[in-house]
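What follows is a set of notes on a single structure, which appears directly below.
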Amino acid sequence: MTKLSATATSVARARPTLKTALVVASLLTSFVAAPTWAAFVTTQEAKLESLIFGTTNFGFQIDLRFNPVTTLVVDDELLDINQGDFNALDALFTGALNTIELFFVDAISYCGGVGGFVGCADAPGNTVIVSSSAAANTSWGHVLLAHEIGHTMLGIAHGAGNNVMNGNVDSALHVDFDAGQVSTILGSNLVQGIGSNRFIVIDPILVSSAAVVPIPGALVLLLSAIGSLGLLGGRTRQRAT
Ligand SMILES: [Zn+2]
């Protein structure tokens with residue numbers, strides 16, 4: 001906080017020309033009103049519980065318990081997931097081992113290979129990264145989230161037809177788990193509780209741009225610290241889209 005105050009003071013003393021001041025004011029306004037990067041969190045909790053983790057597939061409803069949203073302010077580079085970024089982002093949040101870490105980003109350009117992806121997950125593991133706009137899709141956003149959560153427990157394999165693990169997630173029809181998948185999911189350490197009182201805990205993490213914080217100078221220090229942390233991530237795991 002001390003550093004933030006110091007920077008704000010020095011900016012105020014800079015006495016920019018009127019034209020510069022107007023441009024800066026305009027930029028700050030645009031950051032607030034319409035940030036360049038705008039990931040957001042959509043949990044799709046109701047649909048996930050009723051249509052996928054509900055009685056049709058499991059005979060009872062698995063409760064999805066979303067913890068409060070954690071906001072990570074990162075270098076813009078981490079808003080679009082490229083090679084190495086999965087581990088770098090994962091290293092910035094530490095939750096419980098039996099809790100799913102669900103990151104919402106702007107874009108995923110690498111997941112075991114280069115491409116345009118809407119989701120990427122440890123297969124198996126407990127980390128999921130999704131495109132926030134895809135997760136918000138009112139038709140199949142819940143299928144995407146269930147699919148990636150499925151990878152954390154079911155591994156890298158894909159299914160067919162209306163199975164949740166069909167490699168194409170953009171269909172509202174892909175809401176089925178088969179008996180083998182149900183058994184594996186119920187045996188996962190990510191499913192807590194007993195009998196028909198089971199639950200999955202999820203940490204939603206909003207990955208936000210530093211650009212939306214209108215004190216750029218202070219961010220250099222913060223981003224340096226985040227960059228250093230990112231280098232610590234070196235795990236090799238299978239990733240699935
Ligand atoms: Zn997949």
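Numbering starts fresh at 1 for the residues of each chain in the structure tokens, the chains themselves are lettered A, B, ... in the order given, and ligands are numbered from 1 as they appear.
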
Counting only C-alpha atoms and all ligand atoms, give me one row per residue of chain A with an atom at most 10 Å from an atom of ligand 1, showing the shortest contact pair and its distance in Å to one decimal, sorted by chain then residue number, as JSON lines.
{"residue": "A:Val118", "atom": "CA", "partner": "ligand 1", "partner_atom_place_in_ligand_line": "1 (Zn)", "distance": 9.9}
{"residue": "A:Gly119", "atom": "CA", "partner": "ligand 1", "partner_atom_place_in_ligand_line": "1 (Zn)", "distance": 7.9}
{"residue": "A:Cys120", "atom": "CA", "partner": "ligand 1", "partner_atom_place_in_ligand_line": "1 (Zn)", "distance": 7.5}
{"residue": "A:Ala121", "atom": "CA", "partner": "ligand 1", "partner_atom_place_in_ligand_line": "1 (Zn)", "distance": 7.9}
{"residue": "A:Ala123", "atom": "CA", "partner": "ligand 1", "partner_atom_place_in_ligand_line": "1 (Zn)", "distance": 9.0}
{"residue": "A:Leu144", "atom": "CA", "partner": "ligand 1", "partner_atom_place_in_ligand_line": "1 (Zn)", "distance": 8.7}
{"residue": "A:Ala146", "atom": "CA", "partner": "ligand 1", "partner_atom_place_in_ligand_line": "1 (Zn)", "distance": 10.0}
{"residue": "A:His147", "atom": "CA", "partner": "ligand 1", "partner_atom_place_in_ligand_line": "1 (Zn)", "distance": 6.2}
{"residue": "A:Glu148", "atom": "CA", "partner": "ligand 1", "partner_atom_place_in_ligand_line": "1 (Zn)", "distance": 6.3}
{"residue": "A:Ile149", "atom": "CA", "partner": "ligand 1", "partner_atom_place_in_ligand_line": "1 (Zn)", "distance": 9.5}
{"residue": "A:Gly150", "atom": "CA", "partner": "ligand 1", "partner_atom_place_in_ligand_line": "1 (Zn)", "distance": 8.3}
{"residue": "A:His151", "atom": "CA", "partner": "ligand 1", "partner_atom_place_in_ligand_line": "1 (Zn)", "distance": 6.5}
{"residue": "A:Gly155", "atom": "CA", "partner": "ligand 1", "partner_atom_place_in_ligand_line": "1 (Zn)", "distance": 9.0}
{"residue": "A:Ile156", "atom": "CA", "partner": "ligand 1", "partner_atom_place_in_ligand_line": "1 (Zn)", "distance": 6.8}
{"residue": "A:Ala157", "atom": "CA", "partner": "ligand 1", "partner_atom_place_in_ligand_line": "1 (Zn)", "distance": 7.3}
{"residue": "A:His158", "atom": "CA", "partner": "ligand 1", "partner_atom_place_in_ligand_line": "1 (Zn)", "distance": 5.9}
{"residue": "A:Gly159", "atom": "CA", "partner": "ligand 1", "partner_atom_place_in_ligand_line": "1 (Zn)", "distance": 8.7}
{"residue": "A:Val164", "atom": "CA", "partner": "ligand 1", "partner_atom_place_in_ligand_line": "1 (Zn)", "distance": 8.9}
{"residue": "A:Met165", "atom": "CA", "partner": "ligand 1", "partner_atom_place_in_ligand_line": "1 (Zn)", "distance": 6.0}
{"residue": "A:Asn166", "atom": "CA", "partner": "ligand 1", "partner_atom_place_in_ligand_line": "1 (Zn)", "distance": 7.0}
{"residue": "A:Gly167", "atom": "CA", "partner": "ligand 1", "partner_atom_place_in_ligand_line": "1 (Zn)", "distance": 5.0}
{"residue": "A:Asn168", "atom": "CA", "partner": "ligand 1", "partner_atom_place_in_ligand_line": "1 (Zn)", "distance": 7.7}
{"residue": "A:Val169", "atom": "CA", "partner": "ligand 1", "partner_atom_place_in_ligand_line": "1 (Zn)", "distance": 7.9}
{"residue": "A:Arg239", "atom": "CA", "partner": "ligand 1", "partner_atom_place_in_ligand_line": "1 (Zn)", "distance": 8.9}
{"residue": "A:Ala240", "atom": "CA", "partner": "ligand 1", "partner_atom_place_in_ligand_line": "1 (Zn)", "distance": 5.2}
{"residue": "A:Thr241", "atom": "CA", "partner": "ligand 1", "partner_atom_place_in_ligand_line": "1 (Zn)", "distance": 4.1}

Inset, instruction - Name all residues at most 12 Å from A:Val130 (count only C-alpha atoms; drop same-chain ones fewer than 2 positions away) and give them as a count of residues only. - result: 51

Legend entry - Residue list (strand (DSSP E or B), DSSP) for stretch 52-170 of chain A, as a ChimeraX atom specification: /A:63-66,70-74,80-81,99-105,107-110,114-117,119-122,127-131,159,163,166

Once you have the residues from the selection above, write them out as a CSV table (one decimal), in the first residue's frame, restricted to N, CA and C atoms.
chain,number,residue,atom,x,y,z
A,63,ASP,N,-23.5,-32.0,-4.8
A,63,ASP,CA,-23.6,-30.6,-4.5
A,63,ASP,C,-22.3,-29.9,-5.0
A,64,LEU,N,-22.4,-28.9,-5.8
A,64,LEU,CA,-21.2,-28.2,-6.2
A,64,LEU,C,-21.1,-27.0,-5.3
A,65,ARG,N,-20.0,-26.9,-4.6
A,65,ARG,CA,-19.8,-25.8,-3.6
A,65,ARG,C,-18.7,-24.9,-4.1
A,66,PHE,N,-19.2,-23.7,-4.6
A,66,PHE,CA,-18.2,-22.7,-5.1
A,66,PHE,C,-17.8,-21.8,-4.0
A,70,THR,N,-11.7,-15.7,-6.2
A,70,THR,CA,-10.4,-15.0,-6.0
A,70,THR,C,-10.1,-14.3,-7.3
A,71,THR,N,-9.6,-13.1,-7.2
A,71,THR,CA,-9.2,-12.4,-8.4
A,71,THR,C,-7.7,-12.3,-8.4
A,72,LEU,N,-7.1,-12.8,-9.5
A,72,LEU,CA,-5.6,-12.7,-9.7
A,72,LEU,C,-5.3,-11.6,-10.7
A,73,VAL,N,-4.5,-10.6,-10.3
A,73,VAL,CA,-4.1,-9.6,-11.2
A,73,VAL,C,-2.8,-10.0,-11.8
A,74,VAL,N,-2.7,-10.2,-13.1
A,74,VAL,CA,-1.6,-10.8,-13.8
A,74,VAL,C,-1.1,-9.9,-14.9
A,80,ASP,N,-4.0,-14.8,-22.0
A,80,ASP,CA,-4.1,-15.8,-23.1
A,80,ASP,C,-3.1,-16.9,-22.9
A,81,ILE,N,-3.6,-18.1,-22.6
A,81,ILE,CA,-2.8,-19.2,-22.2
A,81,ILE,C,-2.0,-19.8,-23.4
A,99,THR,N,-9.7,-29.8,-3.9
A,99,THR,CA,-10.6,-28.8,-4.4
A,99,THR,C,-10.2,-28.5,-5.8
A,100,ILE,N,-11.1,-28.2,-6.7
A,100,ILE,CA,-10.9,-27.9,-8.1
A,100,ILE,C,-10.5,-26.4,-8.2
A,101,GLU,N,-9.4,-26.1,-8.8
A,101,GLU,CA,-9.0,-24.7,-9.1
A,101,GLU,C,-9.5,-24.4,-10.5
A,102,LEU,N,-10.5,-23.5,-10.6
A,102,LEU,CA,-11.1,-23.2,-11.9
A,102,LEU,C,-10.8,-21.8,-12.3
A,103,PHE,N,-9.9,-21.6,-13.2
A,103,PHE,CA,-9.4,-20.3,-13.7
A,103,PHE,C,-10.3,-19.9,-14.9
A,104,PHE,N,-10.7,-18.6,-14.9
A,104,PHE,CA,-11.4,-18.0,-16.0
A,104,PHE,C,-10.4,-17.0,-16.7
A,105,VAL,N,-10.1,-17.2,-17.9
A,105,VAL,CA,-9.2,-16.4,-18.7
A,105,VAL,C,-9.9,-15.9,-20.0
A,107,ALA,N,-8.5,-16.2,-23.2
A,107,ALA,CA,-8.3,-17.0,-24.4
A,107,ALA,C,-7.3,-18.2,-24.0
A,108,ILE,N,-7.4,-19.3,-24.7
A,108,ILE,CA,-6.5,-20.4,-24.5
A,108,ILE,C,-5.9,-20.8,-25.9
A,109,SER,N,-4.7,-20.5,-26.1
A,109,SER,CA,-4.1,-20.7,-27.4
A,109,SER,C,-3.1,-21.9,-27.4
A,110,TYR,N,-3.0,-22.5,-26.2
A,110,TYR,CA,-2.1,-23.7,-26.1
A,110,TYR,C,-2.7,-24.6,-25.1
A,114,VAL,N,-0.8,-26.2,-30.0
A,114,VAL,CA,-1.3,-24.9,-30.4
A,114,VAL,C,-2.7,-25.0,-31.0
A,115,GLY,N,-3.5,-24.1,-30.6
A,115,GLY,CA,-4.9,-24.0,-31.2
A,115,GLY,C,-5.7,-23.0,-30.5
A,116,GLY,N,-7.0,-23.0,-30.9
A,116,GLY,CA,-7.9,-22.1,-30.2
A,116,GLY,C,-8.8,-23.0,-29.3
A,117,PHE,N,-8.7,-22.9,-28.0
A,117,PHE,CA,-9.4,-23.8,-27.2
A,117,PHE,C,-10.4,-23.0,-26.2
A,119,GLY,N,-11.3,-24.7,-23.3
A,119,GLY,CA,-11.0,-25.2,-22.0
A,119,GLY,C,-9.7,-26.0,-22.0
A,120,CYS,N,-9.1,-26.2,-20.9
A,120,CYS,CA,-7.9,-27.0,-20.7
A,120,CYS,C,-7.8,-27.5,-19.3
A,121,ALA,N,-7.5,-28.7,-19.1
A,121,ALA,CA,-7.5,-29.3,-17.8
A,121,ALA,C,-6.4,-30.3,-17.5
A,122,ASP,N,-6.0,-30.4,-16.3
A,122,ASP,CA,-5.2,-31.5,-15.8
A,122,ASP,C,-6.0,-32.8,-16.1
A,127,THR,N,-6.7,-28.9,-11.7
A,127,THR,CA,-6.6,-27.5,-12.3
A,127,THR,C,-7.4,-27.5,-13.6
A,128,VAL,N,-8.3,-26.5,-13.7
A,128,VAL,CA,-9.0,-26.3,-15.0
A,128,VAL,C,-8.9,-24.8,-15.4
A,129,ILE,N,-8.7,-24.6,-16.7
A,129,ILE,CA,-8.7,-23.2,-17.2
A,129,ILE,C,-9.8,-23.2,-18.3
A,130,VAL,N,-10.7,-22.2,-18.2
A,130,VAL,CA,-11.7,-22.1,-19.2
A,130,VAL,C,-11.7,-20.6,-19.8
A,131,SER,N,-12.2,-20.5,-21.0
A,131,SER,CA,-12.4,-19.2,-21.6
A,131,SER,C,-13.7,-18.7,-20.9
A,159,GLY,N,-15.2,-39.2,-25.0
A,159,GLY,CA,-16.3,-40.0,-25.3
A,159,GLY,C,-17.0,-39.7,-26.6
A,163,ASN,N,-22.2,-38.0,-24.5
A,163,ASN,CA,-21.4,-38.1,-23.3
A,163,ASN,C,-20.8,-36.7,-23.0
A,166,ASN,N,-17.5,-36.1,-24.7
A,166,ASN,CA,-17.4,-35.9,-26.1
A,166,ASN,C,-16.5,-34.7,-26.3

Inset, instruction - Just the residues within 8 Å of A:Asn98, please, counting only C-alpha atoms, with nothing from its chain fewer than 3 positions along; format it as a list in words. - result: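 What passes the distance filter is Asn126, Asn189, Leu190, Val191 and Val201 of chain A.
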
Inset, instruction - Mind checking which residues fall within 8 Å of A:Asp178, counting only C-alpha atoms, ignoring those fewer than 2 positions away in the same chain, and posting them as a PyMOL selection string? - result: chain A and resi 57+163+176+180-182

Selection from above, N, CA and C atoms, as a PDB file, in the first residue's frame, can you write it?
ATOM      1  N   ASN A  57     -27.697 -38.884 -13.877  1.00  0.00           N
ATOM      2  CA  ASN A  57     -26.419 -39.592 -13.990  1.00  0.00           C
ATOM      3  C   ASN A  57     -26.023 -40.330 -12.717  1.00  0.00           C
ATOM      4  N   ASN A 163     -22.234 -38.030 -24.492  1.00  0.00           N
ATOM      5  CA  ASN A 163     -21.400 -38.092 -23.290  1.00  0.00           C
ATOM      6  C   ASN A 163     -20.758 -36.736 -23.005  1.00  0.00           C
ATOM      7  N   ASP A 176     -24.365 -36.566 -20.521  1.00  0.00           N
ATOM      8  CA  ASP A 176     -24.399 -37.903 -19.910  1.00  0.00           C
ATOM      9  C   ASP A 176     -23.030 -38.392 -19.441  1.00  0.00           C
ATOM     10  N   GLY A 180     -19.384 -46.408 -15.872  1.00  0.00           N
ATOM     11  CA  GLY A 180     -17.973 -46.461 -15.507  1.00  0.00           C
ATOM     12  C   GLY A 180     -17.457 -45.102 -15.068  1.00  0.00           C
ATOM     13  N   GLN A 181     -17.863 -44.064 -15.777  1.00  0.00           N
ATOM     14  CA  GLN A 181     -17.443 -42.704 -15.415  1.00  0.00           C
ATOM     15  C   GLN A 181     -18.023 -42.290 -14.068  1.00  0.00           C
ATOM     16  N   VAL A 182     -19.293 -42.667 -13.834  1.00  0.00           N
ATOM     17  CA  VAL A 182     -19.933 -42.349 -12.549  1.00  0.00           C
ATOM     18  C   VAL A 182     -19.149 -42.991 -11.411  1.00  0.00           C
TER      19      VAL A 182
END
